[in-house]
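**Q** TSV, C-alpha atoms, saved as data_18.tsv, coming up:
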```
chain	number	residue	atom	x	y	z
L	1	MET	CA	104.37	75.08	132.27
L	2	GLY	CA	105.91	71.66	131.71
L	3	LEU	CA	109.05	70.01	130.48
L	4	VAL	CA	110.24	69.69	126.89
L	5	SER	CA	110.96	66.00	127.52
L	6	GLU	CA	107.25	65.38	128.17
L	7	LEU	CA	106.34	66.27	124.58
L	8	ASP	CA	105.93	63.74	121.80
L	9	PRO	CA	108.97	63.60	119.48
L	10	VAL	CA	107.47	65.85	116.77
L	11	ALA	CA	106.45	68.56	119.23
L	12	GLU	CA	109.81	68.33	121.01
L	13	SER	CA	111.66	68.78	117.71
L	14	ALA	CA	109.45	71.76	116.90
L	15	VAL	CA	110.38	73.43	120.20
L	16	ARG	CA	114.07	72.66	119.77
L	17	GLY	CA	113.88	74.03	116.23
L	18	LEU	CA	112.12	77.20	117.37
L	19	ARG	CA	114.79	77.77	120.00
L	20	ALA	CA	117.57	77.10	117.48
L	21	TRP	CA	116.06	79.54	114.99
L	22	CYS	CA	115.81	82.21	117.69
L	23	ASP	CA	119.45	81.66	118.68
L	24	GLY	CA	120.72	82.35	115.15
L	25	PRO	CA	122.42	80.71	112.17
L	26	GLU	CA	125.03	78.72	114.08
L	27	SER	CA	122.39	77.17	116.31
L	28	MET	CA	120.23	76.38	113.27
L	29	ARG	CA	123.17	74.63	111.59
L	30	SER	CA	123.67	72.54	114.70
L	31	PHE	CA	119.95	71.66	114.77
L	32	GLN	CA	120.04	70.67	111.09
L	33	ASN	CA	123.20	68.62	111.60
L	34	ARG	CA	121.45	66.60	114.33
L	35	LEU	CA	118.49	66.01	112.00
L	36	GLY	CA	120.89	65.08	109.21
L	37	TYR	CA	121.95	61.94	111.08
L	38	GLN	CA	118.34	60.74	110.92
L	39	VAL	CA	117.07	61.91	107.54
L	40	GLY	CA	120.14	62.91	105.54
L	41	LYS	CA	121.68	66.29	104.85
L	42	ASP	CA	119.32	67.39	102.05
L	43	ASN	CA	116.18	66.52	104.00
L	44	ALA	CA	117.56	68.21	107.11
L	45	GLU	CA	118.23	71.38	105.13
L	46	ALA	CA	114.69	71.30	103.73
L	47	ILE	CA	113.30	70.90	107.26
L	48	GLY	CA	115.47	73.80	108.43
L	49	ASP	CA	114.26	76.00	105.58
L	50	THR	CA	110.61	75.23	106.31
L	51	LEU	CA	111.15	75.84	110.02
L	52	ALA	CA	112.86	79.15	109.29
L	53	GLN	CA	109.99	80.30	107.07
L	54	LEU	CA	107.41	79.35	109.68
L	55	CYS	CA	109.30	81.00	112.54
L	56	ASP	CA	109.86	84.14	110.50
L	57	LEU	CA	106.14	84.40	109.78
L	58	CYS	CA	105.27	83.79	113.43
L	59	PHE	CA	107.55	86.57	114.57
L	60	ARG	CA	106.68	89.06	111.82
L	61	HIS	CA	102.92	88.57	112.05
L	62	GLY	CA	102.56	87.53	115.66
L	63	ARG	CA	99.80	88.80	117.85
L	64	ARG	CA	102.54	89.63	120.35
L	65	PRO	CA	106.19	88.65	120.85
L	66	LEU	CA	106.60	84.93	121.54
L	67	ALA	CA	108.28	84.06	124.82
L	68	ARG	CA	110.79	81.24	124.78
L	69	HIS	CA	113.30	79.55	127.01
L	70	HIS	CA	117.01	79.16	126.31
L	71	ALA	CA	118.06	76.28	124.07
L	72	ALA	CA	119.33	74.04	126.87
L	73	CYS	CA	116.46	74.79	129.27
L	74	LYS	CA	114.36	71.78	130.26
L	75	CYS	CA	111.27	73.92	130.88
L	76	LEU	CA	108.52	74.34	128.33
L	77	GLY	CA	106.86	77.71	128.09
L	78	ALA	CA	103.26	78.34	127.08
L	79	ASP	CA	104.18	79.95	123.76
L	80	GLU	CA	106.57	77.12	122.94
L	81	SER	CA	103.86	74.59	123.77
L	82	CYS	CA	101.43	76.44	121.52
L	83	PHE	CA	103.93	76.42	118.64
L	84	ALA	CA	104.69	72.73	119.16
L	85	ASN	CA	101.02	71.76	119.22
L	86	PHE	CA	100.38	73.87	116.13
L	87	VAL	CA	103.10	72.06	114.16
L	88	ALA	CA	102.07	68.64	115.46
L	89	ALA	CA	98.37	69.16	114.70
L	90	ALA	CA	99.05	70.45	111.20
L	91	GLY	CA	101.49	67.60	110.54
L	92	GLU	CA	98.83	65.06	111.53
L	93	GLY	CA	96.34	66.65	109.14
L	94	ALA	CA	94.19	68.20	111.88
L	95	HIS	CA	93.96	71.46	109.96
L	96	GLU	CA	90.98	72.88	111.85
L	97	ASP	CA	92.75	72.37	115.18
L	98	ALA	CA	95.93	73.79	113.71
L	99	MET	CA	93.98	76.83	112.50
L	100	LEU	CA	92.62	77.50	115.98
L	101	ILE	CA	96.08	77.20	117.50
L	102	ALA	CA	97.62	79.38	114.78
L	103	MET	CA	95.19	82.16	115.69
L	104	LEU	CA	96.73	82.22	119.15
L	105	ILE	CA	100.15	82.84	117.61
L	106	VAL	CA	99.48	85.18	114.67
L	107	ARG	CA	96.74	87.54	113.57
L	108	PRO	CA	93.60	85.56	112.68
L	109	ASP	CA	93.60	86.85	109.11
L	110	PHE	CA	97.10	85.51	108.62
L	111	ALA	CA	96.66	82.08	110.25
L	112	PRO	CA	95.46	80.26	107.08
L	113	CYS	CA	98.72	81.16	105.33
L	114	MET	CA	100.72	79.22	107.89
L	115	ILE	CA	98.88	75.89	107.85
L	116	GLY	CA	100.67	74.51	104.79
L	117	LEU	CA	104.12	75.29	106.17
L	118	ALA	CA	103.25	73.83	109.56
L	119	ALA	CA	101.83	70.69	107.92
L	120	ASN	CA	105.01	70.21	105.88
L	121	LEU	CA	107.18	70.80	108.93
L	122	GLY	CA	105.17	68.44	111.14
L	123	ALA	CA	105.21	65.68	108.53
L	124	ALA	CA	108.94	66.11	107.98
L	125	LEU	CA	109.69	66.06	111.71
L	126	ARG	CA	107.65	62.86	111.97
L	127	LEU	CA	110.11	61.27	109.52
L	128	THR	CA	112.92	62.01	111.95
L	129	THR	CA	111.20	59.87	114.58
L	130	LEU	CA	111.03	56.75	112.44
L	131	THR	CA	113.64	54.12	113.09
L	132	PRO	CA	115.32	52.49	110.13
L	133	LYS	CA	114.02	49.08	109.21
L	134	THR	CA	116.27	46.29	110.31
L	135	THR	CA	117.10	43.42	108.04
L	136	HIS	CA	116.07	40.02	109.26
L	137	LYS	CA	118.06	36.88	108.76
L	138	THR	CA	116.08	34.18	107.03
L	139	ASN	CA	116.31	30.46	107.70
L	140	ASN	CA	117.02	29.63	104.07
L	141	VAL	CA	120.50	31.21	104.01
L	142	ILE	CA	123.39	28.78	103.64
L	143	ASN	CA	126.52	29.73	105.57
L	144	LEU	CA	129.62	28.31	103.91
L	145	HIS	CA	132.20	29.25	106.49
```
Hey, can you dump this file as structure tokens for me?

**A**
Amino acid sequence: MGLVSELDPVAESAVRGLRAWCDGPESMRSFQNRLGYQVGKDNAEAIGDTLAQLCDLCFRHGRRPLARHHAACKCLGADESCFANFVAAAGEGAHEDAMLIAMLIVRPDFAPCMIGLAANLGAALRLTTLTPKTTHKTNNVINLH
């Protein structure tokens, strides 16, 4: 067991999203609102939809019930870590690694169905970690006042 804060930003967002989904619609709206500040409302809703589909599949086709901590808990459980690493690996294009991890979460025959969703989610969460480009002042600007 570890701490959520020790995860890379994509994996941390995946855990926070999993917890929000488990806590219900109000928690998911709050999660999406936080993402909306970084990527805009439409993108945040798309991320939320993808997350919801992935979580639903994990829980409906899981090998066993996933254990999770409460939303505000600083601890990271083994199942949460597995989910986070699954999303991060798929988002980085490491599909074979993601497949192996997925088979720990869901039935092996169902794991291939989840790779595309996890890849989309991981890539989208990566966008939330990018900082906006800053504009640089050039030396050829004339200031009149």

**Q** Using Å and a single decimal, report how far CA of Val39 in chain L sits from CA of Arg16 in chain L.

**A**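 Going from CA of Arg16 in chain L over to CA of Val39 in chain L covers 16.6 Å.
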
**Q** Counting all atoms listed in the file, what is within 12 Å of range 47-51 of chain L, bar same-chain residues fewer than 4 positions away, as a ChimeraX atom specification?

**A** /L:13-22,25,27-36,38-43,55-58,83-84,87,114-128

**Q** Which one is closest to Asp23 in chain L: L:Met103, L:Ala52, L:Ala111, L:Ala78? Count all atoms listed in the file.

**A** L:Ala52

**Q** Just how far from CA of Ala88 in chain L is CA of Pro9 in chain L, in Å to one decimal?

**A**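 A separation of 9.4 Å between them.
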
**Q** Can you work out the spacing between CA of Gly2 in chain L and CA of Leu76 in chain L in Å, to one decimal?

**A**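 Separating CA of Gly2 in chain L from CA of Leu76 in chain L is a distance of 5.0 Å.
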
**Q** Show me, as an mmCIF file with C-alpha atoms, keeping the file's coordinate frame, the residues that have an atom within 8 Å of Leu104 in chain L when counting all atoms listed in the file, minus same-chain residues fewer than 4 positions from it.

**A**
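As a result, part.cif now contains:
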```cif
data_model
loop_
_atom_site.group_PDB
_atom_site.id
_atom_site.type_symbol
_atom_site.label_atom_id
_atom_site.label_comp_id
_atom_site.auth_asym_id
_atom_site.auth_seq_id
_atom_site.Cartn_x
_atom_site.Cartn_y
_atom_site.Cartn_z
ATOM 1 C CA ARG L 63 99.800 88.800 117.850
ATOM 2 C CA CYS L 82 101.430 76.440 121.520
ATOM 3 C CA LEU L 100 92.620 77.500 115.980
ATOM 4 C CA PRO L 108 93.600 85.560 112.680
#
```
